[in-house]
file entry05.cif (mmCIF, C-alpha atoms)
data_entry
loop_
_atom_site.label_atom_id
_atom_site.label_comp_id
_atom_site.auth_asym_id
_atom_site.auth_seq_id
_atom_site.Cartn_x
_atom_site.Cartn_y
_atom_site.Cartn_z
CA MET A 281 0.00 0.00 0.00
CA CYS A 282 2.82 2.36 0.90
CA ALA A 283 4.62 1.44 -2.31
CA PHE A 284 1.50 2.21 -4.31
CA ALA A 285 1.19 5.59 -2.58
CA LEU A 286 4.80 6.40 -3.42
CA VAL A 287 4.17 5.58 -7.07
CA LEU A 288 1.15 7.90 -7.11
CA ILE A 289 3.19 10.69 -5.53
CA GLY A 290 5.94 10.19 -8.10
CA LEU A 291 3.49 10.32 -10.98
CA SER A 292 1.94 13.49 -9.57
CA VAL A 293 5.34 15.16 -9.38
CA LEU A 294 6.14 14.17 -12.97
CA PHE A 295 2.77 15.49 -14.15
CA CYS A 296 3.35 18.84 -12.44
CA LEU A 297 6.83 19.11 -13.94
CA SER A 298 5.45 18.35 -17.40
CA LEU A 299 2.89 21.12 -17.00
CA LEU A 300 5.58 23.59 -16.04
CA THR A 301 7.68 22.51 -19.01
CA CYS A 302 4.77 22.89 -21.42
CA ARG A 303 3.97 26.36 -20.10
CA ALA A 304 7.58 27.43 -20.45
CA ALA A 305 7.72 26.19 -24.02
CA GLY A 306 4.25 27.42 -24.92
CA ALA A 307 3.33 30.45 -26.99
CA TYR A 308 3.23 33.96 -25.58
CA VAL A 309 0.78 36.32 -27.29
CA GLY A 310 0.97 40.00 -26.45
CA PRO A 311 -1.83 42.54 -26.18
CA ALA A 312 -3.66 43.49 -29.35
CA VAL A 313 -2.90 46.80 -31.05
CA VAL A 314 -5.94 47.74 -33.12
CA ARG A 315 -6.37 50.26 -35.94
CA ASP A 316 -9.45 51.04 -38.00
CA ILE A 317 -8.57 51.60 -41.64
CA SER A 318 -11.33 52.20 -44.18
CA GLY A 319 -13.89 50.25 -42.13
CA TYR A 320 -11.60 47.27 -41.48
CA ARG A 321 -10.13 46.37 -38.12
CA ILE A 322 -6.38 45.79 -38.40
CA VAL A 323 -4.91 43.90 -35.44
CA PHE A 324 -1.25 43.35 -34.54
CA GLN A 325 0.04 41.16 -31.71
CA ASP A 326 3.58 40.24 -30.73
CA TYR A 327 4.09 36.55 -30.04
CA ASN A 328 6.80 34.13 -29.03
CA TRP A 329 6.68 30.46 -29.94
CA LYS A 330 9.41 28.16 -28.61
CA GLY A 331 11.82 31.05 -28.35
CA ASP A 332 11.09 32.56 -31.76
CA ASP A 333 9.67 36.08 -31.77
CA GLY A 334 7.14 37.14 -34.34
CA VAL A 335 4.05 39.15 -35.19
CA ILE A 336 0.46 38.09 -35.76
CA PHE A 337 -1.36 40.27 -38.31
CA GLN A 338 -5.15 39.99 -38.62
CA VAL A 339 -7.83 41.76 -40.64
CA TYR A 340 -11.47 41.81 -39.51
CA LYS A 341 -14.70 43.10 -41.02
CA GLY A 342 -17.09 43.30 -38.12
CA LYS A 343 -16.60 40.05 -36.21
CA THR A 344 -15.43 38.12 -39.26
CA LYS A 345 -11.72 37.41 -39.51
CA LEU A 346 -10.70 37.78 -43.16
CA LEU A 347 -6.95 37.28 -42.87
CA GLU A 348 -4.30 36.07 -40.46
CA ARG A 349 -0.57 36.12 -41.16
CA ARG A 350 2.37 35.27 -38.94
CA ALA A 351 5.92 36.36 -39.65
CA HIS A 352 9.07 37.55 -37.94
CA SER A 353 8.10 41.18 -38.64
CA LEU A 354 5.26 42.86 -40.50
CA PHE A 355 4.93 46.58 -41.19
CA LEU A 356 2.26 48.85 -42.65
CA PHE A 357 3.12 51.47 -45.26
CA ASP A 358 2.23 55.10 -44.69
CA LYS A 359 1.95 57.02 -47.96
CA GLU A 360 3.60 60.10 -46.43
CA LYS A 361 6.32 58.43 -44.36
CA GLN A 362 7.59 55.56 -46.46
CA GLU A 363 11.13 55.70 -45.13
CA GLU A 364 9.90 54.88 -41.63
CA SER A 365 8.61 51.45 -40.58
CA TYR A 366 5.90 51.03 -37.99
CA ALA A 367 6.29 48.04 -35.70
CA ALA A 368 3.34 46.13 -34.26
CA LYS A 369 3.48 47.98 -30.97
CA ASP A 370 3.09 51.41 -32.59
CA THR A 371 -0.33 53.03 -32.52
CA VAL A 372 0.40 55.91 -34.88
CA LEU A 373 -2.22 56.61 -37.54
CA ILE A 374 -1.42 54.98 -40.88
CA LYS A 375 -2.36 56.97 -43.97
CA CYS A 376 -3.16 54.72 -46.93
CA ALA A 377 -3.95 55.59 -50.54
CA ASP A 378 -5.85 54.43 -53.60
CA LEU A 379 -3.18 52.70 -55.68
CA THR A 380 -5.40 51.35 -58.47
CA GLY A 381 -7.55 54.32 -59.42
CA ASP A 382 -10.84 52.71 -58.37
CA GLY A 383 -11.43 55.07 -55.45
CA VAL A 384 -10.79 52.33 -52.89
CA ILE A 385 -8.11 52.54 -50.20
CA ASP A 386 -5.32 49.95 -50.50
CA LEU A 387 -3.19 48.62 -47.65
CA VAL A 388 0.51 47.88 -48.26
CA VAL A 389 2.16 45.33 -45.97
CA GLN A 390 5.90 44.69 -45.79
CA GLU A 391 7.21 41.39 -44.40
CA TRP A 392 10.76 40.97 -43.09
CA ASN A 393 12.00 37.49 -42.23
CA GLY A 394 14.64 38.76 -39.82
CA GLY A 395 17.59 37.95 -42.06
CA ALA A 396 20.13 40.16 -43.78
CA TYR A 397 19.69 38.64 -47.24
CA GLY A 398 16.64 37.72 -49.29
CA CYS A 399 14.36 38.97 -46.61
CA TYR A 400 11.56 41.24 -47.93
CA LYS A 401 8.10 40.52 -49.27
CA TYR A 402 5.33 42.96 -50.12
CA ASP A 403 1.57 42.50 -50.36
CA ILE A 404 -1.23 44.90 -51.21
CA TYR A 405 -4.82 44.45 -50.06
CA SER A 406 -7.83 46.34 -51.40
CA LEU A 407 -10.06 47.60 -48.58
CA GLY A 408 -13.26 48.02 -50.59
CA LYS A 409 -16.64 46.40 -50.03
CA THR A 410 -14.90 43.10 -50.68
CA PHE A 411 -11.50 42.50 -49.10
CA LYS A 412 -9.04 41.48 -51.84
CA HIS A 413 -5.38 40.53 -52.08
CA ILE A 414 -4.29 42.29 -55.27
CA TRP A 415 -0.48 42.07 -55.36
CA HIS A 416 2.45 40.06 -54.01
CA HIS A 417 6.14 40.56 -54.65
CA ASP A 418 9.18 38.70 -53.30
CA ALA A 419 11.61 41.59 -53.23
CA VAL A 420 14.62 39.65 -51.85
CA TYR A 421 17.03 42.50 -51.00
CA GLY A 422 14.89 45.17 -52.61
CA HIS A 423 12.55 47.81 -51.30
CA LEU A 424 9.28 49.28 -52.45
CA ARG A 425 8.42 52.95 -52.77
CA LEU A 426 5.12 54.60 -53.67
CA GLU A 427 4.98 57.62 -55.95
CA PHE A 428 2.01 59.83 -56.72
CA PRO A 429 2.63 61.77 -59.96
CA PRO A 430 0.32 64.78 -60.40
CA LYS A 431 -2.78 64.03 -62.46
CA ARG A 432 -1.68 60.41 -62.93
CA GLN A 433 -2.20 57.07 -61.25
CA ALA A 434 -0.09 56.05 -58.29
CA GLN A 435 3.07 54.12 -59.10
CA LEU A 436 4.88 51.32 -57.31
CA VAL A 437 8.65 51.66 -57.60
CA VAL A 438 10.31 48.27 -57.10
CA GLU A 439 14.02 47.61 -56.79
CA ASP A 440 14.66 44.59 -59.01
CA THR A 441 17.45 42.80 -57.13
CA THR A 442 17.89 40.05 -59.72
CA PHE A 443 21.40 41.35 -60.48
CA CYS A 444 22.42 42.44 -56.98
CA ASN A 445 25.04 39.65 -56.86
CA PHE A 446 26.08 39.85 -60.52
CA LYS A 447 29.84 40.60 -60.39
CA SER A 448 29.30 42.49 -57.13
CA ILE A 449 32.11 43.06 -54.64
CA ALA A 450 29.90 42.32 -51.63
CA GLN A 451 26.74 40.32 -50.98
CA GLY A 452 23.77 42.14 -52.49
CA SER A 453 25.77 45.23 -53.52
CA GLY A 454 25.27 44.95 -57.28
CA ALA A 455 22.76 46.53 -59.66
CA ARG A 456 19.23 47.25 -58.44
CA PRO A 457 17.36 48.80 -61.36
CA LYS A 458 14.10 50.52 -60.47
CA VAL A 459 11.00 49.10 -62.13
CA TYR A 460 7.89 51.30 -62.17
CA LEU A 461 4.45 49.68 -62.02
CA SER A 462 0.96 51.10 -62.33
CA TRP A 463 -2.45 49.46 -62.22
CA ARG A 464 -3.92 48.23 -65.49
CA ASN A 465 -6.05 45.28 -64.42
CA GLY A 466 -3.06 44.28 -62.32
CA PHE A 467 0.19 46.13 -61.61
CA LYS A 468 2.04 46.33 -64.93
CA VAL A 469 5.44 47.76 -65.86
CA GLU A 470 5.44 51.44 -66.83
CA ARG A 471 7.77 51.52 -69.82
CA THR A 472 8.55 55.25 -69.94
CA SER A 473 9.25 55.69 -66.22
CA THR A 474 11.34 52.51 -66.00
CA ILE A 475 13.50 53.49 -68.98
CA ALA A 476 13.97 57.04 -67.66
CA ALA A 477 15.08 55.76 -64.24
CA ALA A 478 17.56 53.31 -65.78
CA LEU A 479 18.96 56.00 -68.09
CA ALA A 480 19.57 58.32 -65.15
CA SER A 481 21.22 55.53 -63.19
CA ALA A 482 23.42 54.51 -66.14
CA LYS A 483 24.65 58.09 -66.57
CA LYS A 484 25.41 58.31 -62.86
CA VAL A 485 27.40 55.06 -62.89
CA ALA A 486 29.34 56.07 -66.02
CA ALA A 487 30.17 59.48 -64.57
CA ALA A 488 31.37 57.98 -61.29
CA ASP A 489 33.53 55.34 -62.98
CA ASN A 490 34.91 57.61 -65.70
CA SER A 491 34.92 61.10 -64.23
CA ASP A 492 36.75 62.71 -67.15
CA THR A 493 34.08 62.18 -69.78
CA GLY A 494 31.11 60.55 -68.09
CA SER A 495 30.92 58.18 -71.07
CA ILE A 496 30.95 54.39 -71.13
CA ALA A 497 34.12 54.20 -73.21
CA GLY A 498 36.51 53.76 -70.32
CA VAL A 499 34.33 51.54 -68.13
CA ASP A 500 35.52 47.99 -67.49
CA PRO A 501 32.47 45.70 -67.87
CA GLU A 502 34.08 43.13 -65.57
CA SER A 503 34.20 45.62 -62.69
CA ALA A 504 31.34 46.00 -60.23
CA ALA A 505 30.55 49.44 -61.66
CA GLY A 506 30.79 48.11 -65.21
CA ALA A 507 28.35 45.30 -64.45
CA CYS A 508 25.91 47.82 -62.93
CA LEU A 509 26.23 49.99 -66.03
CA PHE A 510 25.63 47.01 -68.33
CA VAL A 511 22.47 46.04 -66.45
CA GLU A 512 21.11 49.61 -66.32
CA LEU A 513 21.69 49.98 -70.08
CA ILE A 514 19.58 46.85 -70.67
CA TYR A 515 16.80 48.17 -68.42
CA SER A 516 16.91 51.50 -70.27
CA GLY A 517 16.28 49.73 -73.58
CA GLN A 518 19.80 50.32 -74.87
CA ALA A 519 20.98 46.78 -75.58
CA ALA A 520 23.17 48.04 -78.44
CA LYS A 521 25.17 50.25 -76.06
CA ALA A 522 25.37 47.42 -73.55
CA LEU A 523 26.80 45.14 -76.22
CA ALA A 524 29.32 47.83 -77.23
CA LEU A 525 30.49 47.93 -73.62
CA LEU A 526 31.70 44.34 -74.06
CA ASP A 527 33.76 45.07 -77.19
CA LYS A 528 36.97 45.19 -75.18
CA LEU A 529 36.49 41.59 -73.98
CA GLU A 530 38.00 38.60 -75.74
CA PRO A 531 35.50 36.09 -77.28
CA GLY A 532 35.80 33.58 -74.40
CA PRO A 533 35.28 36.05 -71.54
CA LYS A 534 32.53 37.79 -73.54
CA GLN A 535 30.66 34.50 -73.95
CA ASP A 536 31.04 33.72 -70.24
CA TYR A 537 29.83 37.21 -69.35
CA LEU A 538 26.72 36.93 -71.49
CA LYS A 539 25.97 33.38 -70.35
CA SER A 540 26.01 34.56 -66.76
CA PHE A 541 23.94 37.62 -67.62
CA PHE A 542 21.16 35.75 -69.44
CA SER A 543 20.95 32.95 -66.87
CA THR A 544 20.47 35.66 -64.23
CA LEU A 545 18.05 37.73 -66.32
CA ARG A 546 15.73 34.75 -66.78
CA THR A 547 15.16 34.66 -63.01
CA SER A 548 13.80 38.21 -62.94
CA PRO A 549 10.07 38.54 -62.22
CA PHE A 550 10.11 41.19 -64.96
CA PHE A 551 12.00 39.12 -67.56
CA TYR A 552 9.53 39.50 -70.44
CA GLU A 553 9.00 43.19 -69.73
CA ILE A 554 12.76 43.84 -69.77
CA ILE A 555 13.04 42.10 -73.12
CA SER A 556 10.19 44.25 -74.47
CA LEU A 557 11.95 47.41 -73.25
CA ASN A 558 14.58 46.58 -75.87
CA ASN A 559 12.20 46.27 -78.83
CA GLU A 560 14.19 48.94 -80.67
CA SER A 561 17.40 46.99 -79.98
CA ARG A 562 16.14 43.55 -80.98
CA ALA A 563 19.15 42.91 -83.22
CA ALA A 564 21.55 43.64 -80.37
CA MET A 565 19.63 41.43 -77.95
CA ALA A 566 19.54 38.62 -80.53
CA LYS A 567 23.28 38.97 -81.10
CA MET A 568 23.98 38.83 -77.36
CA GLU A 569 21.88 35.70 -76.98
CA LYS A 570 23.73 34.09 -79.90
CA LEU A 571 27.13 35.02 -78.43
CA ALA A 572 26.08 33.51 -75.11
CA GLN A 573 25.54 30.06 -76.66
#
call {"tool": "encode", "arguments": {"input": "entry05.cif", "output": "structure tokens"}}
result
Amino acid sequence: MCAFALVLIGLSVLFCLSLLTCRAAGAYVGPAVVRDISGYRIVFQDYNWKGDDGVIFQVYKGKTKLLERRAHSLFLFDKEKQEESYAAKDTVLIKCADLTGDGVIDLVVQEWNGGAYGCYKYDIYSLGKTFKHIWHHDAVYGHLRLEFPPKRQAQLVVEDTTFCNFKSIAQGSGARPKVYLSWRNGFKVERTSTIAAALASAKKVAAADNSDTGSIAGVDPESAAGACLFVELIYSGQAAKALALLDKLEPGPKQDYLKSFFSTLRTSPFFYEIISLNNESRAAMAKMEKLAQ
């Protein structure tokens, strides 16, 4: 009888210890921070699960939960303060904008996975009568900016980081051409704005690398600056000039260069649009593709 009692006591102790262990390893969920944006209730909560910190992001319409996301960090975009991020604990008013031209407010959410590389994602939600997810972009190293040209639709300005490691001297330090998007039954590439941005960037790179003339003549395409210039020329629709930049390379290195370039270009989410930017330089693009084989 005494032995049986001792067994029961031992089991009770083990049970209590297991409860304590479970509580210690269980999830912590912080207090809710609530905002009302365009009739939707936006809720943020900090949480910790097995030692990993994160954020819970929820969207409600009335009592109905329409969305729940969990990530290391999630931030809301303010149209007037885009350079600043607002963490879950902040209660500052977020000013959103109509990004599609339909008169409905859209909510931009940035996700950060906590890492230094390949760590950003962006999503846009329409806060109309029907809650809609209208855009997603894996930005890797890149950032998103919103622009509001006078008398025109809003624009998304995306850093395309496809080439950020192409002949770069440090992780993620290579070319990041800006791609402009506007809503046309989906966010589509704005040809004129994208070309203009790449042209300006190409001139800046050429001037910095060849301060005497600001031309591309003296730029080494194998250098980090030369690779950035080559990429920006492609994004500006000037494939012929980009090809001319490689004239100083021997056939073998030129082929290797172009092989690496095209294999990287094909991974861009804007691959077909970039090709179409060079419609007036089709012959040069075709020649580069042939040389890469």
call {"tool": "resolve_selection", "arguments": {"input": "entry05.cif", "expression": "the PyMOL selection byres ((chain A and resi 389) around 9)", "output": "PyMOL selection string"}}
result
chain A and resi 354-357+387-388+390-391+401-405
call {"tool": "resolve_selection", "arguments": {"input": "entry05.cif", "expression": "the PyMOL selection byres ((chain A and resi 479) around 12)", "output": "list of chain:residue names"}}
result
A:Pro457, A:Lys458, A:Thr472, A:Ser473, A:Thr474, A:Ile475, A:Ala476, A:Ala477, A:Ala478, A:Ala480, A:Ser481, A:Ala482, A:Lys483, A:Lys484, A:Val485, A:Ala486, A:Cys508, A:Leu509, A:Phe510, A:Val511, A:Glu512, A:Leu513, A:Ile514, A:Tyr515, A:Ser516, A:Gly517, A:Gln518, A:Lys521
call {"tool": "resolve_selection", "arguments": {"input": "entry05.cif", "expression": "the PyMOL selection byres ((chain A and resi 342-346) around 12)", "output": "list in words"}}
result
Asp316, Gly319, Tyr320, Arg321, Ile322, Val323, Phe337, Gln338, Val339, Tyr340, Lys341, Leu347, Glu348, Arg349, Tyr405, Leu407, Thr410, Phe411, Lys412 and His413 of chain A
call {"tool": "residues_around", "arguments": {"input": "entry05.cif", "residues": "Ala455 (chain A)", "least_positions_apart": "4", "cutoff": "10 Å", "atoms": "all atoms listed in the file", "output": "ChimeraX atom specification"}}
result
/A:439-448,481,504-512
call {"tool": "atom_distance", "arguments": {"input": "entry05.cif", "atom1": "CA of Ala450 (chain A)", "atom2": "CA of Gln362 (chain A)"}}
result
26.5 Å
